[in-house]
Structure formats: structure tokens, C-alpha cells
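For reference, input.txt is printed below; it contains compact mmCIF, C-alpha atoms and all ligand atoms.
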# COMPACT_ATOMS: atom_id res chain seq x y z
CA MET A 66 8.25 77.44 11.76
CA GLU A 67 9.44 77.88 15.35
CA LYS A 68 8.72 74.89 17.55
CA GLU A 69 6.44 76.84 19.90
CA ALA A 70 4.35 78.30 17.11
CA LEU A 71 3.98 74.79 15.67
CA GLN A 72 2.86 73.41 19.00
CA GLN A 73 0.15 76.06 19.42
CA GLN A 74 -0.95 76.04 15.79
CA PRO A 75 -4.73 75.66 15.44
CA LEU A 76 -5.89 72.66 13.43
CA PRO A 77 -8.72 72.62 10.87
CA ASP A 78 -12.23 72.40 12.35
CA SER A 79 -13.03 69.45 10.12
CA TRP A 80 -10.38 67.51 12.08
CA THR A 81 -10.83 68.80 15.62
CA ILE A 82 -14.64 69.08 15.53
CA SER A 83 -14.82 65.45 14.50
CA THR A 84 -12.95 64.69 17.69
CA VAL A 85 -15.31 66.59 19.99
CA LYS A 86 -16.86 63.19 20.25
CA PRO A 87 -14.16 60.56 20.73
CA LEU A 88 -12.29 59.53 17.60
CA ILE A 89 -12.69 55.78 17.33
CA ILE A 90 -10.63 53.60 15.04
CA ALA A 91 -11.14 49.84 15.25
CA GLY A 92 -10.40 46.75 13.21
CA PRO A 93 -8.04 43.85 12.84
CA CYS A 94 -4.33 44.03 13.49
CA SER A 95 -3.76 42.80 9.91
CA ALA A 96 -5.85 42.55 6.77
CA GLU A 97 -6.03 38.78 6.22
CA SER A 98 -8.68 38.19 3.54
CA PRO A 99 -11.55 39.99 1.81
CA GLU A 100 -14.00 37.93 3.91
CA GLN A 101 -12.37 38.88 7.19
CA LEU A 102 -12.41 42.58 6.25
CA ARG A 103 -16.01 42.48 5.05
CA CYS A 104 -17.11 40.76 8.23
CA VAL A 105 -15.38 43.29 10.54
CA ALA A 106 -16.50 46.25 8.43
CA GLN A 107 -20.15 45.16 8.67
CA GLU A 108 -19.88 44.73 12.44
CA LEU A 109 -18.22 48.12 12.90
CA LYS A 110 -20.64 49.86 10.58
CA ARG A 111 -23.49 49.00 12.98
CA ASN A 112 -21.91 51.33 15.51
CA SER A 113 -22.02 54.93 14.37
CA SER A 114 -19.29 55.92 16.87
CA VAL A 115 -16.61 54.17 14.82
CA SER A 116 -15.03 56.58 12.34
CA TYR A 117 -12.44 54.38 10.63
CA MET A 118 -11.71 50.70 10.24
CA ARG A 119 -8.04 49.93 10.82
CA ALA A 120 -6.18 47.06 9.12
CA GLY A 121 -2.43 46.68 8.74
CA VAL A 122 -1.27 45.69 5.27
CA TRP A 123 2.47 46.08 5.83
CA LYS A 124 3.29 44.56 9.18
CA PRO A 125 6.45 45.63 11.01
CA ARG A 126 7.24 42.20 12.47
CA THR A 127 10.28 41.44 14.59
CA ASP A 128 10.64 37.94 13.15
CA PRO A 129 11.33 38.02 9.36
CA ASN A 130 9.82 34.55 9.03
CA SER A 131 6.45 35.54 10.47
CA PHE A 132 3.48 36.92 8.53
CA GLN A 133 4.49 40.26 6.98
CA GLY A 134 1.10 41.43 5.67
CA TYR A 135 -0.46 41.18 2.20
CA GLY A 136 0.63 44.65 0.99
CA ALA A 137 -1.04 46.19 -2.06
CA GLU A 138 -3.25 43.12 -2.58
CA ALA A 139 -4.89 43.85 0.79
CA LEU A 140 -5.33 47.52 -0.16
CA GLU A 141 -7.42 46.32 -3.07
CA TRP A 142 -9.60 44.30 -0.62
CA LEU A 143 -9.94 47.37 1.61
CA ARG A 144 -10.99 49.53 -1.32
CA SER A 145 -13.72 47.13 -2.39
CA VAL A 146 -14.98 46.57 1.18
CA LYS A 147 -15.16 50.34 1.61
CA GLN A 148 -17.28 50.61 -1.55
CA GLU A 149 -19.51 47.75 -0.48
CA VAL A 150 -20.01 48.56 3.21
CA GLY A 151 -19.30 52.30 3.27
CA MET A 152 -16.65 52.13 5.98
CA ARG A 153 -13.64 54.44 5.77
CA PHE A 154 -10.33 52.68 6.28
CA ALA A 155 -6.95 53.37 7.89
CA THR A 156 -3.60 51.64 7.52
CA GLU A 157 -0.01 51.94 8.72
CA VAL A 158 2.67 53.41 6.47
CA GLY A 159 6.38 52.97 7.04
CA CYS A 160 7.99 54.66 4.01
CA SER A 161 7.12 56.94 1.09
CA GLN A 162 6.34 53.97 -1.16
CA HIS A 163 3.65 52.84 1.31
CA VAL A 164 2.18 56.35 1.33
CA LEU A 165 1.90 56.41 -2.47
CA GLU A 166 0.35 52.93 -2.62
CA ALA A 167 -2.13 53.63 0.19
CA LEU A 168 -3.22 56.90 -1.43
CA LYS A 169 -3.64 55.15 -4.78
CA TYR A 170 -6.21 52.82 -3.16
CA GLY A 171 -8.09 55.70 -1.49
CA VAL A 172 -6.95 55.29 2.11
CA ASP A 173 -8.87 57.65 4.47
CA LEU A 174 -6.35 57.92 7.32
CA VAL A 175 -2.80 56.70 7.78
CA TRP A 176 -0.83 56.09 10.93
CA ILE A 177 2.88 55.84 11.48
CA GLY A 178 3.93 52.90 13.65
CA ALA A 179 6.06 52.91 16.79
CA ARG A 180 9.13 51.53 15.02
CA THR A 181 9.05 54.10 12.23
CA VAL A 182 8.60 57.10 14.53
CA SER A 183 12.02 56.38 16.02
CA ASN A 184 13.64 56.88 12.63
CA PRO A 185 13.94 60.56 11.60
CA PHE A 186 14.92 59.69 8.01
CA ALA A 187 11.80 57.57 7.53
CA MET A 188 9.66 60.22 9.24
CA GLN A 189 10.95 62.98 6.97
CA GLU A 190 10.45 60.82 3.89
CA ILE A 191 6.85 60.09 4.92
CA ALA A 192 6.15 63.75 5.75
CA ASP A 193 7.45 64.76 2.31
CA ALA A 194 5.37 62.10 0.57
CA LEU A 195 2.25 63.35 2.39
CA LYS A 196 2.73 67.03 1.40
CA GLY A 197 -0.50 68.52 0.04
CA VAL A 198 -2.61 65.53 1.13
CA ASP A 199 -5.73 66.27 3.19
CA ILE A 200 -6.28 62.97 5.07
CA PRO A 201 -5.56 62.65 8.83
CA VAL A 202 -2.12 61.37 9.79
CA MET A 203 -1.72 59.78 13.22
CA VAL A 204 1.65 59.31 14.91
CA LYS A 205 2.19 56.49 17.39
CA ASN A 206 4.63 57.01 20.22
CA PRO A 207 8.11 55.57 19.57
CA LEU A 208 9.04 52.22 21.14
CA ASN A 209 11.33 53.82 23.70
CA PRO A 210 10.03 56.29 26.27
CA ASP A 211 11.48 59.35 24.57
CA ILE A 212 8.97 62.17 24.17
CA GLU A 213 11.36 64.13 21.95
CA LEU A 214 11.19 61.53 19.17
CA TRP A 215 7.39 61.62 19.31
CA ASP A 216 7.37 65.42 19.35
CA GLY A 217 9.95 65.56 16.53
CA ALA A 218 7.87 63.25 14.33
CA ILE A 219 4.77 65.45 14.83
CA CYS A 220 6.87 68.54 14.09
CA ARG A 221 8.06 67.06 10.78
CA LEU A 222 4.45 66.48 9.68
CA LEU A 223 3.31 69.98 10.73
CA ASN A 224 6.32 71.50 9.01
CA ALA A 225 5.38 69.67 5.84
CA GLY A 226 2.02 71.52 5.99
CA ILE A 227 -0.04 68.51 7.09
CA ARG A 228 -2.89 69.87 9.20
CA LYS A 229 -4.92 66.86 10.36
CA VAL A 230 -2.30 65.47 12.67
CA GLY A 231 -3.06 63.24 15.66
CA ALA A 232 -1.13 61.13 18.17
CA ILE A 233 -1.65 57.53 19.31
CA HIS A 234 -0.43 56.33 22.68
CA ARG A 235 0.49 52.63 22.42
CA GLY A 236 2.77 52.22 25.43
CA PHE A 237 6.54 51.78 25.59
CA SER A 238 8.78 48.81 25.15
CA LEU A 239 10.75 48.25 28.36
CA ILE A 240 13.41 45.68 29.08
CA LYS A 241 11.49 43.96 31.82
CA LYS A 242 8.50 41.77 30.99
CA SER A 243 5.39 42.84 32.87
CA VAL A 244 1.63 42.38 32.83
CA PHE A 245 1.57 44.97 30.08
CA ARG A 246 3.03 44.23 26.68
CA ASN A 247 4.01 47.90 26.48
CA PRO A 248 3.63 49.71 29.82
CA PRO A 249 1.64 52.93 29.44
CA LEU A 250 3.91 55.39 31.34
CA TRP A 251 0.97 57.82 31.30
CA GLU A 252 3.07 60.93 32.11
CA ILE A 253 4.57 60.86 28.60
CA PRO A 254 1.33 61.15 26.59
CA LEU A 255 0.03 63.69 29.11
CA GLN A 256 3.15 65.77 28.61
CA LEU A 257 2.68 65.56 24.84
CA LYS A 258 -0.89 66.80 25.30
CA GLN A 259 0.47 69.82 27.16
CA ARG A 260 2.93 70.56 24.41
CA TYR A 261 0.35 70.17 21.62
CA PRO A 262 -2.98 71.22 23.13
CA ASN A 263 -4.75 71.22 19.74
CA ILE A 264 -3.69 67.79 18.56
CA PRO A 265 -6.05 64.94 19.36
CA ILE A 266 -4.36 62.12 21.22
CA ILE A 267 -5.99 58.71 21.32
CA CYS A 268 -5.13 55.56 23.24
CA ASP A 269 -4.38 52.12 21.76
CA PRO A 270 -5.16 49.82 24.70
CA SER A 271 -4.61 46.74 22.51
CA HIS A 272 -0.87 47.26 22.06
CA ILE A 273 -0.44 48.59 25.62
CA THR A 274 -1.93 45.49 27.22
CA GLY A 275 -1.20 42.72 24.73
CA SER A 276 -4.12 40.80 26.22
CA ARG A 277 -7.81 41.31 25.61
CA ASN A 278 -8.93 40.98 29.22
CA LEU A 279 -6.87 44.04 30.22
CA VAL A 280 -8.06 46.21 27.31
CA PRO A 281 -11.14 47.63 29.14
CA LEU A 282 -9.07 48.62 32.19
CA VAL A 283 -6.58 50.63 30.19
CA ALA A 284 -9.25 52.12 27.93
CA GLN A 285 -11.20 53.30 30.97
CA ARG A 286 -8.05 54.85 32.42
CA ALA A 287 -7.43 56.70 29.15
CA LYS A 288 -11.00 57.95 29.22
CA ASP A 289 -10.56 59.22 32.79
CA LEU A 290 -7.41 61.03 31.66
CA ASN A 291 -9.42 62.76 28.91
CA PHE A 292 -7.87 61.11 25.90
CA ASP A 293 -9.58 62.09 22.64
CA GLY A 294 -10.41 58.59 21.47
CA PHE A 295 -9.25 55.03 20.96
CA MET A 296 -7.68 52.69 18.47
CA VAL A 297 -8.73 49.13 19.28
CA GLU A 298 -7.93 45.84 17.54
CA VAL A 299 -11.04 43.84 16.64
CA HIS A 300 -11.09 40.53 14.75
CA PRO A 301 -14.00 38.18 13.95
CA TYR A 302 -11.99 35.20 15.28
CA PRO A 303 -9.12 36.58 17.36
CA ASP A 304 -7.68 33.21 18.29
CA ILE A 305 -6.81 32.37 14.70
CA ALA A 306 -5.56 35.86 13.80
CA LEU A 307 -2.31 35.93 11.80
CA SER A 308 -0.86 38.60 14.12
CA ASP A 309 -1.53 39.69 17.72
CA PRO A 310 -4.12 36.97 18.47
CA ALA A 311 -4.06 37.49 22.26
CA GLN A 312 -5.03 41.15 22.26
CA GLN A 313 -7.77 41.43 19.63
CA LEU A 314 -11.39 41.71 20.79
CA THR A 315 -14.34 39.95 19.18
CA PRO A 316 -16.92 42.34 17.72
CA GLN A 317 -19.19 41.56 20.68
CA GLN A 318 -16.45 42.39 23.19
CA PHE A 319 -15.77 45.59 21.30
CA ASP A 320 -19.45 46.58 21.48
CA ASN A 321 -19.36 46.03 25.25
CA LEU A 322 -16.22 48.14 25.51
CA LEU A 323 -17.80 51.04 23.60
CA GLU A 324 -20.93 50.76 25.68
CA MET A 325 -18.79 51.16 28.79
CA LEU A 326 -16.69 53.99 27.38
CA LEU A 327 -19.36 56.04 25.67
CA ASN A 328 -22.36 55.63 27.93
CA ASN A 329 -20.65 56.20 31.19
CA ASN A 330 -19.98 59.86 30.84
CA THR A 331 -18.88 60.87 34.29
CA PRO A 332 -15.12 61.03 34.43
CA GLY A 333 -13.58 58.94 37.16
CA CYS A 334 -16.65 56.83 37.78
CA SER A 335 -15.00 53.66 36.50
CA ASN A 336 -15.46 50.53 38.52
CA SER A 337 -13.11 51.21 41.39
CA LEU A 338 -12.15 47.56 41.80
CA ASP A 339 -11.02 47.38 38.19
CA MET A 340 -9.14 50.64 38.64
CA LEU A 341 -7.44 49.16 41.66
CA ASP A 342 -6.32 46.18 39.53
CA GLU A 343 -4.95 48.49 36.88
CA LEU A 344 -3.08 50.69 39.31
CA ARG A 345 -1.65 47.58 40.96
CA ALA A 346 -0.53 46.30 37.58
CA GLU A 347 1.29 49.61 37.08
CA ILE A 348 2.87 49.33 40.51
CA ASP A 349 4.11 45.86 39.51
CA VAL A 350 5.78 47.39 36.45
CA MET A 351 7.49 50.02 38.60
CA ASP A 352 8.60 47.37 41.12
CA ASP A 353 10.06 45.25 38.30
CA LEU A 354 11.98 48.31 37.17
CA LEU A 355 13.22 49.04 40.69
CA VAL A 356 14.50 45.49 41.13
CA TRP A 357 16.12 45.57 37.70
CA ILE A 358 17.79 48.90 38.47
CA LEU A 359 19.00 47.71 41.87
CA SER A 360 20.48 44.55 40.45
CA GLY A 361 22.24 46.62 37.76
CA ARG A 362 23.61 48.93 40.42
CA MET A 363 24.92 46.05 42.51
CA GLU A 364 26.52 44.52 39.42
CA LEU A 365 28.42 47.77 38.86
CA ALA A 366 29.49 47.78 42.50
CA GLY A 367 30.87 44.28 41.92
CA LYS A 368 32.96 45.49 38.98
CA ILE A 369 34.26 48.36 41.10
CA ALA A 370 35.29 45.82 43.75
CA GLY A 371 37.59 44.21 41.18
CA ILE A 372 39.27 47.55 40.41
CA LYS A 373 39.62 48.48 44.08
CA LYS A 374 41.29 45.15 44.71
CA MET A 375 43.66 45.59 41.80
CA LYS A 376 44.61 49.09 42.95
CA ASN A 377 44.71 48.00 46.56
CA LEU A 378 42.09 50.60 47.58
CA GLN A 379 39.82 50.58 50.61
CA ILE A 380 36.27 49.44 50.07
CA LEU A 381 34.74 52.51 51.68
CA GLN A 382 35.84 55.70 49.95
CA ALA A 383 34.44 58.41 52.24
CA GLU A 384 34.88 61.19 49.72
CA ARG A 385 32.95 59.31 47.05
CA TRP A 386 30.16 58.41 49.47
CA ASN A 387 29.80 62.10 50.44
CA GLN A 388 29.69 63.04 46.79
CA ILE A 389 26.92 60.49 46.14
CA GLN A 390 24.87 61.82 49.04
CA GLU A 391 25.27 65.46 47.99
CA ARG A 392 24.29 64.71 44.42
CA LEU A 393 21.22 62.76 45.54
CA LEU A 394 20.14 65.46 47.92
CA ALA A 395 20.14 67.99 45.07
CA LYS A 396 18.15 65.56 42.88
CA THR A 397 15.70 64.85 45.66
CA SER A 398 14.72 68.46 46.08
CA GLU A 399 13.58 68.50 42.41
CA SER A 400 11.70 65.22 42.71
CA GLY A 401 9.21 66.00 45.45
CA LEU A 402 10.46 63.00 47.49
CA ARG A 403 11.30 63.54 51.15
CA PRO A 404 15.09 63.88 51.74
CA GLN A 405 14.92 61.64 54.85
CA PHE A 406 13.35 58.90 52.75
CA ILE A 407 16.06 59.03 50.05
CA SER A 408 18.75 59.27 52.68
CA SER A 409 17.63 56.18 54.59
CA LEU A 410 16.97 54.25 51.36
CA TYR A 411 20.49 55.08 50.15
CA HIS A 412 22.08 54.07 53.40
CA THR A 413 20.50 50.65 52.93
CA ILE A 414 21.59 50.45 49.29
CA HIS A 415 25.11 51.59 50.13
CA LYS A 416 25.38 49.10 52.97
CA GLU A 417 24.40 46.26 50.66
CA SER A 418 26.84 47.48 48.04
CA LEU A 419 29.70 47.55 50.56
CA SER A 420 28.82 44.11 51.79
CA ILE A 421 28.75 42.69 48.25
CA GLN A 422 32.10 44.33 47.50
CA SER A 423 33.54 43.06 50.73
CA SER A 424 32.59 39.45 50.09
CA LEU A 425 33.76 39.65 46.49
CA MET A 426 37.11 41.07 47.56
CA LYS A 427 37.49 38.39 50.20
CA ASP A 428 36.76 35.73 47.59
CA LYS A 429 39.32 37.22 45.29
CA GLY A 430 42.11 36.92 47.81
CA LYS A 431 44.54 38.84 49.97
CA ASN A 432 45.98 42.36 50.11
CA ILE A 433 42.77 44.20 50.77
CA ASN A 434 42.31 46.91 53.34
CA HIS A 435 38.89 46.58 54.89
CA SER A 436 37.56 49.72 56.44
CA HIS A 437 34.41 48.38 58.05
C1 LIG B 1 -0.25 48.10 14.77
O1 LIG B 1 -0.98 49.04 15.15
O2 LIG B 1 -0.65 47.14 14.13
C2 LIG B 1 1.16 48.12 15.18
C3 LIG B 1 2.07 47.38 14.56
O3 LIG B 1 1.36 48.89 16.23
P1 LIG B 1 2.71 49.50 16.88
O4 LIG B 1 3.36 50.31 15.82
O5 LIG B 1 2.10 50.29 17.98
O6 LIG B 1 3.52 48.34 17.37
MN MN B 2 -1.27 44.64 16.21

Let me see the file written as C-alpha cells.
Amino acid sequence: MEKEALQQQPLPDSWTISTVKPLIIAGPCSAESPEQLRCVAQELKRNSSVSYMRAGVWKPRTDPNSFQGYGAEALEWLRSVKQEVGMRFATEVGCSQHVLEALKYGVDLVWIGARTVSNPFAMQEIADALKGVDIPVMVKNPLNPDIELWDGAICRLLNAGIRKVGAIHRGFSLIKKSVFRNPPLWEIPLQLKQRYPNIPIICDPSHITGSRNLVPLVAQRAKDLNFDGFMVEVHPYPDIALSDPAQQLTPQQFDNLLEMLLNNNTPGCSNSLDMLDELRAEIDVMDDLLVWILSGRMELAGKIAGIKKMKNLQILQAERWNQIQERLLAKTSESGLRPQFISSLYHTIHKESLSIQSSLMKDKGKNINHSH
């Protein structure tokens, strides 16, 4: 089907109506034991707003020597806890084999993790394995801030005829460390929402923040931005969790979070001090990026100094500087920034770049024509 038709395609009522109230998925990062799962399931069951218990059984871990999940054995635990407690369960799938195993144990919802979404082969394989299946399939954003990969993954599922499709915003992995484990870059999920107005999009504040004390701030922000629900990590004893110990909430903390999110229905009425903290944390991320970008730019200027010296060129190349300014001016008019601002900022950047080049060229020796 054409991309636009796919994006506008209505979804079944049984999926979208269930998300008229927020879709809430909660549970441990990983399934660790039958006791752990039973304990969380009983806690979550007390709150009728929770639709699915999450638990990872195949864990996509960076370090091959860390805990990788209990696989099919844990699916067996989930099946029996579901029978005992009556809590539907959700797990992550990363390949067609996972899909088949999870379905065999009666999984009620699957999600595709951030690492898998970046891989079109894996996505296609999973979409094919899910053909004809009626359970909801949620797609996390890819690790890198590329909306096309996210969009493409959703497209593959819709093309395979899967109707109960949803998206999960879990933040993006950036080079710079920041207060967030995965900075939210809110424009990207909001853009996805515009492209797919019928697809519910929920927020995973646990993986965005990486730390439990920031979870309520980000969840509140997502609520204010009209997200359709939340996926939150909850563990009976977070500190001894086998994965993501710092970000999981205790059941009590999770109850408090839901109380805040569900009983405070006026959009934008979040505690303004907390909101200030969150916005400042986002500003810190942007500032980190600016400094990183500036240092990268100066490093390139340094390399250019070496070439100019070798070719015996002047430091200031007027033609090139004019070209830079013209290009930026054109960019600026699209960006909404004031041209005077960009112009004065770039004069400062250019001055610093010339001065770095000049001192490098001096250090490197003779035969250089200085022009300023
Ligand atoms: C998870 O939800 O447990 C997980 C591994 O998340 P992500 O794919 O967002 O890193
Ligand atoms: Mn996790």
C-alpha cells in the first residue's frame, strides 16, 4: 500500500478504544524468577489502569558477559503467573524465532526493541512471522534519532496486515553523556504522531531517564504532550534487579506515579518547579551537544590549518568565508532564527577558528602568509 494510505489507515476499535484511556504497560525490565513475576503481577493487578505486565525474557545487552535473560523458561513462568493472577503479559521480540516462542506461551502483546528497529532485515522477518496474528505489536524508536527507521518499521508491520500497531518513545542514544540515559528529543515522537494520527504512541520514561527519580518528570511531560500511555519498569526490589536497577520503580513508587498521571487531568498543570527542572535538564543536553559540535568544528579547522600550511595558503580565504556566510543565511531563513543572531555567532566562531589555525601554523613553523 502507498505510504500515505498506510499512515492514515484506521485501526481496529478494539485497539484504539482501549487507548481512549491511557494504555499502561508496567513490570520488570527482565523476568528473573517465578516469585519476582508473581509478586509484581499481584501488585499491578490491584490497579485496574494497568493493561499489561511487561517482562523481558531475551535481553539485548551490550555486554555479552552480562545477564542475557532466561528465554523460553521465563515464558513458562509468565504463562503460569498469568493463569494464577489473571494479568496479561508483554515481552520483547528480536527475531522470528522469538515471535514463535512467545506466541506458543500465549503472549498478549509484543514489542520490538530499539536495537532491532534499526535493522530492516530483522524488522521484515518479525513482520512476516506476525502475519495473521491479532495481538498488539508495539515499536520502540530506534537508538539513533532517525524518524525514517521508526516510520519504516511501522510500515513493515502495517504492510504485513498487522492492525494493532503502536509506538513506544524511549529516547535516543547520543554520543554525549547527559542527565538522561536516552535524551527524549520530543520533536521526533511528535512528528511520528503527525504522520500516523491513528497509531497510539506511549512513552517509556524508564529508558529515557535511566534513573527512577527523573521518571515522574518525564512521564508528566509526556502526559502534557498528549501521549497515549506509558511503559514503566517496576520491580519489587529494584536495587537487586539483574538489569537496569537504577531506573526501576518500586510498586509503591509506581502507584504514586499513576496517581499523579491519572488523577491530575488538566493538561499542563504539572508542578511548575518540576517542569522547570526537566526543561533545564533538556537545556543541559542541548548545551552538551553545542559544546561537542563546537569542539568538533574547531578540530576540523585544525586539520585544515595543516593543509593550508603544506600548500602555503593564507589562513583567511575570503571566498570561502563568503560562501559559509551565504550558505548559513539561506539555512537561517528556514530555521526561524534571527539572521543577525547567526551572523554574530558565526563571526565569533570564525574568529576563534582563525586564531586556532594561526597558532597551530605558527607552532608548525615558517613559510606561512598571515592575513590578519
Ligand atoms: C526494554 O524495554 O527492556 C529495553 C531493552 O528497551 P530498549 O529497547 O528501549 O532499550
Ligand atoms: Mn530495561

Can you write out as CSV which residues of chain A fall within 6 Å of ligand LIG 1 (chain B), alongside each residue's closest atom pair and its distance in Å to one decimal, counting only C-alpha atoms and all ligand atoms and ordering rows by chain and ascending residue number?
residue,atom,partner,partner_atom,distance
A:Cys94,CA,B:LIG1,O2,4.9
A:Gly121,CA,B:LIG1,O2,5.7
A:Pro125,CA,B:LIG1,C3,5.9
A:Gly178,CA,B:LIG1,O4,3.4
A:Ala179,CA,B:LIG1,O4,3.9
A:Arg180,CA,B:LIG1,O4,6.0
A:Arg235,CA,B:LIG1,O5,5.3
A:His272,CA,B:LIG1,O5,5.9

**Asked** Which polymer residues have any atom within 10 Å of an atom of Trp357 of chain A, counting all atoms listed in the file, with same-chain residues fewer than 5 positions away left out, as a VMD selection string?
**Response** chain A and resid 240 to 241 351 to 352 362

Per residue of segment 252-318 of chain A within 9 Å of segment 215-227 of chain A, which atom pair is closest and at what distance in Å (one decimal), using all atoms listed in the file, listed by chain and increasing number, as a Markdown table?
| residue | atom | partner | partner_atom | distance |
| --- | --- | --- | --- | --- |
| A:Leu257 | CA | A:Asp216 | CA | 7.2 |
| A:Arg260 | CA | A:Asp216 | CA | 8.5 |
| A:Tyr261 | CA | A:Asp216 | CA | 8.8 |

Distance table requested - chain A against ligand MN 2 (chain B), cut-off 10 Å, all atoms listed in the file: one row per qualifying residue with the closest atom pair and its distance in Å to one decimal, ordered by chain and rising residue number, as a Markdown table.
| residue | atom | partner | partner_atom | distance |
| --- | --- | --- | --- | --- |
| A:Gly92 | CA | B:MN2 | MN | 9.8 |
| A:Pro93 | CA | B:MN2 | MN | 7.6 |
| A:Cys94 | CA | B:MN2 | MN | 4.1 |
| A:Ser95 | CA | B:MN2 | MN | 7.0 |
| A:Ala120 | CA | B:MN2 | MN | 9.0 |
| A:Gly121 | CA | B:MN2 | MN | 7.8 |
| A:Lys124 | CA | B:MN2 | MN | 8.4 |
| A:Pro125 | CA | B:MN2 | MN | 9.4 |
| A:Arg126 | CA | B:MN2 | MN | 9.6 |
| A:Asp269 | CA | B:MN2 | MN | 9.8 |
| A:Ser271 | CA | B:MN2 | MN | 7.4 |
| A:His272 | CA | B:MN2 | MN | 6.4 |
| A:Gly275 | CA | B:MN2 | MN | 8.7 |
| A:Val297 | CA | B:MN2 | MN | 9.2 |
| A:Glu298 | CA | B:MN2 | MN | 6.9 |
| A:Val299 | CA | B:MN2 | MN | 9.8 |
| A:Leu307 | CA | B:MN2 | MN | 9.8 |
| A:Ser308 | CA | B:MN2 | MN | 6.4 |
| A:Asp309 | CA | B:MN2 | MN | 5.2 |
| A:Pro310 | CA | B:MN2 | MN | 8.5 |
| A:Ala311 | CA | B:MN2 | MN | 9.8 |
| A:Gln312 | CA | B:MN2 | MN | 7.9 |
| A:Gln313 | CA | B:MN2 | MN | 8.0 |

**Prompt:** Between A:Val182, A:Val230, A:Ile89, A:Met188, which has the minimum distance to Met296 of chain A (counting only C-alpha atoms)?
**Reply:** A:Ile89

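Pairwise distance (atom CA of Glu108 of chain A, atom CA of Trp142 of chain A) equals 16.6 Å.
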
I'd like a table as a Markdown table: residues in segment 185-276 of chain A with an atom no more than 7 Å from segment 160-168 of chain A, each row giving the shortest atom pair and its distance in Å to one decimal, all atoms listed in the file counted, sorted by chain and rising residue number.
| residue | atom | partner | partner_atom | distance |
| --- | --- | --- | --- | --- |
| A:Ala187 | CA | A:Cys160 | CA | 5.9 |
| A:Glu190 | CA | A:Ser161 | CA | 5.8 |
| A:Ile191 | CA | A:Ser161 | CA | 5.0 |
| A:Ala194 | CA | A:Ser161 | CA | 5.5 |

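Remark: for Cys268 of chain A, the closest of the candidate residues A:Glu324, A:Pro210, A:Pro87, A:Ser409 is A:Pro87 (distances computed over only C-alpha atoms).
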
**Message:** Please determine, counting only C-alpha atoms, which residue among A:Arg228, A:Ser131, A:Thr315, A:Glu213 has the shortest atom-to-atom distance to Lys196 of chain A.
**Reply:**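 Smallest separation from Lys196 of chain A among the options: A:Arg228.
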
**Asked** How many Å lie between atom CA of Ala139 of chain A and atom CA of Phe154 of chain A, rounded to one decimal?
**Response**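 Calculated distance between atom CA of Ala139 of chain A and atom CA of Phe154 of chain A is 11.7 Å.
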
Which residues are near Phe292 of chain A? Cut-off 10 Å, all atoms listed in the file, ignore same chain within fewer than 6 positions. Put them as a tab-separated table (two decimals) with C-alpha atoms, in the coordinates of the input.
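The resulting around02.tsv:
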chain	number	residue	atom	x	y	z
A	87	PRO	CA	-14.16	60.56	20.73
A	88	LEU	CA	-12.29	59.53	17.60
A	233	ILE	CA	-1.65	57.53	19.31
A	234	HIS	CA	-0.43	56.33	22.68
A	254	PRO	CA	1.33	61.15	26.59
A	255	LEU	CA	0.03	63.69	29.11
A	258	LYS	CA	-0.89	66.80	25.30
A	265	PRO	CA	-6.05	64.94	19.36
A	266	ILE	CA	-4.36	62.12	21.22
A	267	ILE	CA	-5.99	58.71	21.32
A	268	CYS	CA	-5.13	55.56	23.24
A	284	ALA	CA	-9.25	52.12	27.93
A	285	GLN	CA	-11.20	53.30	30.97
A	286	ARG	CA	-8.05	54.85	32.42

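Put simply, atom CA of Lys147 of chain A is 18.9 Å away from atom CA of Val202 of chain A.
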
**Request:** Determine, counting all atoms listed in the file, every residue of protein, DNA or RNA that lies within 10 Å of (33.6, 42.6, 49.8) in the file coordinates, then give the result as JSON, numbers by chain.
**Result:** {"A": [366, 367, 370, 371, 374, 380, 417, 418, 419, 420, 421, 422, 423, 424, 425, 426, 427, 428, 429, 433, 435]}

Could you turn the residues from that selection into a file that holds C-alpha atoms, as a PDB file, in the coordinates of the input?
ATOM      1  CA  ALA A 366      29.490  47.780  42.500  1.00  0.00           C
ATOM      2  CA  GLY A 367      30.870  44.280  41.920  1.00  0.00           C
ATOM      3  CA  ALA A 370      35.290  45.820  43.750  1.00  0.00           C
ATOM      4  CA  GLY A 371      37.590  44.210  41.180  1.00  0.00           C
ATOM      5  CA  LYS A 374      41.290  45.150  44.710  1.00  0.00           C
ATOM      6  CA  ILE A 380      36.270  49.440  50.070  1.00  0.00           C
ATOM      7  CA  GLU A 417      24.400  46.260  50.660  1.00  0.00           C
ATOM      8  CA  SER A 418      26.840  47.480  48.040  1.00  0.00           C
ATOM      9  CA  LEU A 419      29.700  47.550  50.560  1.00  0.00           C
ATOM     10  CA  SER A 420      28.820  44.110  51.790  1.00  0.00           C
ATOM     11  CA  ILE A 421      28.750  42.690  48.250  1.00  0.00           C
ATOM     12  CA  GLN A 422      32.100  44.330  47.500  1.00  0.00           C
ATOM     13  CA  SER A 423      33.540  43.060  50.730  1.00  0.00           C
ATOM     14  CA  SER A 424      32.590  39.450  50.090  1.00  0.00           C
ATOM     15  CA  LEU A 425      33.760  39.650  46.490  1.00  0.00           C
ATOM     16  CA  MET A 426      37.110  41.070  47.560  1.00  0.00           C
ATOM     17  CA  LYS A 427      37.490  38.390  50.200  1.00  0.00           C
ATOM     18  CA  ASP A 428      36.760  35.730  47.590  1.00  0.00           C
ATOM     19  CA  LYS A 429      39.320  37.220  45.290  1.00  0.00           C
ATOM     20  CA  ILE A 433      42.770  44.200  50.770  1.00  0.00           C
ATOM     21  CA  HIS A 435      38.890  46.580  54.890  1.00  0.00           C
TER      22      HIS A 435
END
